[in-house]
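Single-structure report; data block below.
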Amino acid sequence: MATIIKKVLGALIVSSLLFLPLSCKNEAKNSCCEGKTGEVKESFLRTEVISAEVRATLSIDDIIEKFKQGNERFVNSELTARDHSKLVTQAVEGQHPLAVVLSCIDSRVPVEDIFDKSLGDIFVVRVAGNFANVDILGSMEYSCKVAGAKLLVVMGHDHCGAVKGAIDNVELGNLTALLKNLKPAVEMSTKSEGQRNSKNEDFVQEVAMNNVSHTIEFIRKNSPILKEMEDKGEIKMVGAYYDLETGKVAFFEEIIILPNN
């Protein structure tokens, strides 16, 4: 009996420790997590969605920096704690997202988590191979022109199945037509050594990165609305690349050597 009681008490103690950061009374800023070295870490509980007033104070560069900081928290397992019940209730009244992100459907690429974003923070458009077509352009035009998003991110990732399928000329139902959208990136990729197939990881990465660049140019060419907004400095279009192994996102401005540069 004594052994059983000890186990139960131990489980209760562990459980209380797991929920300790969320039990603090100060919802805006709580110093309740202490490291082994005695250093106090601060825990935040977010209770409000992005407002139009808050977004108006942020420049595009501010938003990009917030994305970078959010990804750093994701990599370090320090995601922001959130009161989702309050966020859900507030979000009903409207939305004022900072950005729209075009990403692949890959289940290993959870966009909101990667950037430590939540309800009302970002629009997310997902399609295998993160390419753009008329429907996606319409979604992004709504996100920026109507809803006021200031940043447009096209994000690819390594080990992309759609990219590999396009490289190997995979044919399967409607997937055949989908993969044709990635063919321009395959054709423009000429820097990697070795065979031009999905077994060559360097070639796959080159195609994936070129696909991001090609998609951004496709958006500029086929959406006069978004192109005009970019020219006026109302929005910014940037490419990004997600590393499945590390969880890190590199914006193209951070990548030293780009394919075909």
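Residue numbers start at 1 in each chain; chains themselves are named A, B, ... in the order of the structure tokens; ligands are numbered from 1 in the order shown.
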### Task
DSSP on the backbone, then: every residue of segment 124-223 of chain A marked alpha helix (DSSP H), written as a PyMOL selection string.
chain A and resi 134-141+161-167+175-179+183-187+201-222
Can those selected residues be exported to a file as an mmCIF file, in the first residue's frame so that it contains C-alpha atoms?
```cif
data_model
loop_
_atom_site.group_PDB
_atom_site.id
_atom_site.type_symbol
_atom_site.label_atom_id
_atom_site.label_comp_id
_atom_site.auth_asym_id
_atom_site.auth_seq_id
_atom_site.Cartn_x
_atom_site.Cartn_y
_atom_site.Cartn_z
ATOM 1 C CA VAL A 134 -5.578 30.979 -60.001
ATOM 2 C CA ASP A 135 -7.388 29.737 -56.897
ATOM 3 C CA ILE A 136 -4.370 30.280 -54.666
ATOM 4 C CA LEU A 137 -3.739 33.713 -56.159
ATOM 5 C CA GLY A 138 -7.316 34.629 -55.289
ATOM 6 C CA SER A 139 -6.784 33.470 -51.720
ATOM 7 C CA MET A 140 -3.617 35.513 -51.380
ATOM 8 C CA GLU A 141 -5.212 38.587 -52.967
ATOM 9 C CA GLY A 161 7.481 14.325 -51.966
ATOM 10 C CA ALA A 162 5.815 16.527 -54.567
ATOM 11 C CA VAL A 163 9.178 17.803 -55.781
ATOM 12 C CA LYS A 164 10.490 14.250 -55.996
ATOM 13 C CA GLY A 165 7.384 13.212 -57.908
ATOM 14 C CA ALA A 166 7.837 16.022 -60.413
ATOM 15 C CA ILE A 167 11.491 15.096 -60.881
ATOM 16 C CA LEU A 175 -1.584 14.155 -59.091
ATOM 17 C CA THR A 176 -0.227 13.990 -62.641
ATOM 18 C CA ALA A 177 -1.676 17.410 -63.496
ATOM 19 C CA LEU A 178 -0.647 18.866 -60.128
ATOM 20 C CA LEU A 179 2.998 17.908 -60.562
ATOM 21 C CA LYS A 183 8.150 21.179 -63.868
ATOM 22 C CA PRO A 184 9.555 24.681 -64.488
ATOM 23 C CA ALA A 185 11.603 24.378 -61.298
ATOM 24 C CA VAL A 186 12.965 21.017 -62.461
ATOM 25 C CA GLU A 187 13.979 22.442 -65.818
ATOM 26 C CA GLU A 201 19.298 14.907 -52.529
ATOM 27 C CA ASP A 202 21.306 17.888 -53.747
ATOM 28 C CA PHE A 203 19.251 18.008 -56.917
ATOM 29 C CA VAL A 204 15.992 17.626 -54.972
ATOM 30 C CA GLN A 205 16.959 20.544 -52.742
ATOM 31 C CA GLU A 206 17.927 22.695 -55.715
ATOM 32 C CA VAL A 207 14.572 22.016 -57.367
ATOM 33 C CA ALA A 208 12.680 22.714 -54.138
ATOM 34 C CA MET A 209 14.414 26.065 -53.690
ATOM 35 C CA ASN A 210 13.987 27.001 -57.330
ATOM 36 C CA ASN A 211 10.322 26.102 -57.018
ATOM 37 C CA VAL A 212 9.968 28.729 -54.294
ATOM 38 C CA SER A 213 11.649 31.354 -56.470
ATOM 39 C CA HIS A 214 9.572 30.378 -59.504
ATOM 40 C CA THR A 215 6.364 30.531 -57.479
ATOM 41 C CA ILE A 216 7.122 34.051 -56.296
ATOM 42 C CA GLU A 217 7.766 35.157 -59.863
ATOM 43 C CA PHE A 218 4.535 33.430 -60.950
ATOM 44 C CA ILE A 219 2.647 35.440 -58.321
ATOM 45 C CA ARG A 220 4.170 38.702 -59.507
ATOM 46 C CA LYS A 221 3.408 37.925 -63.134
ATOM 47 C CA ASN A 222 -0.138 36.641 -62.705
#
```
### Query
Tell me, which residues of segment 52-205 of chain A carry DSSP strand (DSSP E or B), written as a PyMOL selection string?
chain A and resi 81-82+99-103+122-126+151-157
How would the residues just picked look written out with C-alpha atoms as a PDB file, in the first residue's frame?
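Result file follows (again_16.pdb):
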```
ATOM      1  CA  ALA A  81       1.473  29.384 -23.999  1.00  0.00           C
ATOM      2  CA  ARG A  82      -2.033  30.400 -25.099  1.00  0.00           C
ATOM      3  CA  ALA A  99       0.920  37.535 -43.173  1.00  0.00           C
ATOM      4  CA  VAL A 100      -0.133  34.847 -45.613  1.00  0.00           C
ATOM      5  CA  VAL A 101       2.039  31.741 -45.954  1.00  0.00           C
ATOM      6  CA  LEU A 102       1.939  29.424 -48.968  1.00  0.00           C
ATOM      7  CA  SER A 103       3.268  26.055 -47.870  1.00  0.00           C
ATOM      8  CA  ILE A 122      -1.563  34.272 -40.240  1.00  0.00           C
ATOM      9  CA  PHE A 123      -3.407  33.032 -43.301  1.00  0.00           C
ATOM     10  CA  VAL A 124      -2.116  29.622 -44.414  1.00  0.00           C
ATOM     11  CA  VAL A 125      -2.519  28.284 -47.958  1.00  0.00           C
ATOM     12  CA  ARG A 126      -1.394  24.691 -48.411  1.00  0.00           C
ATOM     13  CA  LEU A 151       3.851  39.794 -45.685  1.00  0.00           C
ATOM     14  CA  LEU A 152       3.569  37.018 -48.274  1.00  0.00           C
ATOM     15  CA  VAL A 153       5.785  33.996 -47.638  1.00  0.00           C
ATOM     16  CA  VAL A 154       6.290  31.097 -50.031  1.00  0.00           C
ATOM     17  CA  MET A 155       7.881  28.273 -48.050  1.00  0.00           C
ATOM     18  CA  GLY A 156       9.374  25.094 -49.438  1.00  0.00           C
ATOM     19  CA  HIS A 157      11.052  22.283 -47.519  1.00  0.00           C
TER      20      HIS A 157
END
```
### Message
Env of Lys248 of chain A: 12 Å cut, atoms = only C-alpha atoms, seq-sep filter 6 positions within chain, self excluded. Answer as a list in words.
### Response
Phe67, Lys68, Gln69, Gly70, Asn71, Glu72, Arg73, Phe74, Val75, Asn76, Ser77, Val109, Val111, Asp113, Ile114, Phe115, Met155, His157, Asp158, Ala240, Tyr241, Tyr242 and Glu254 of chain A
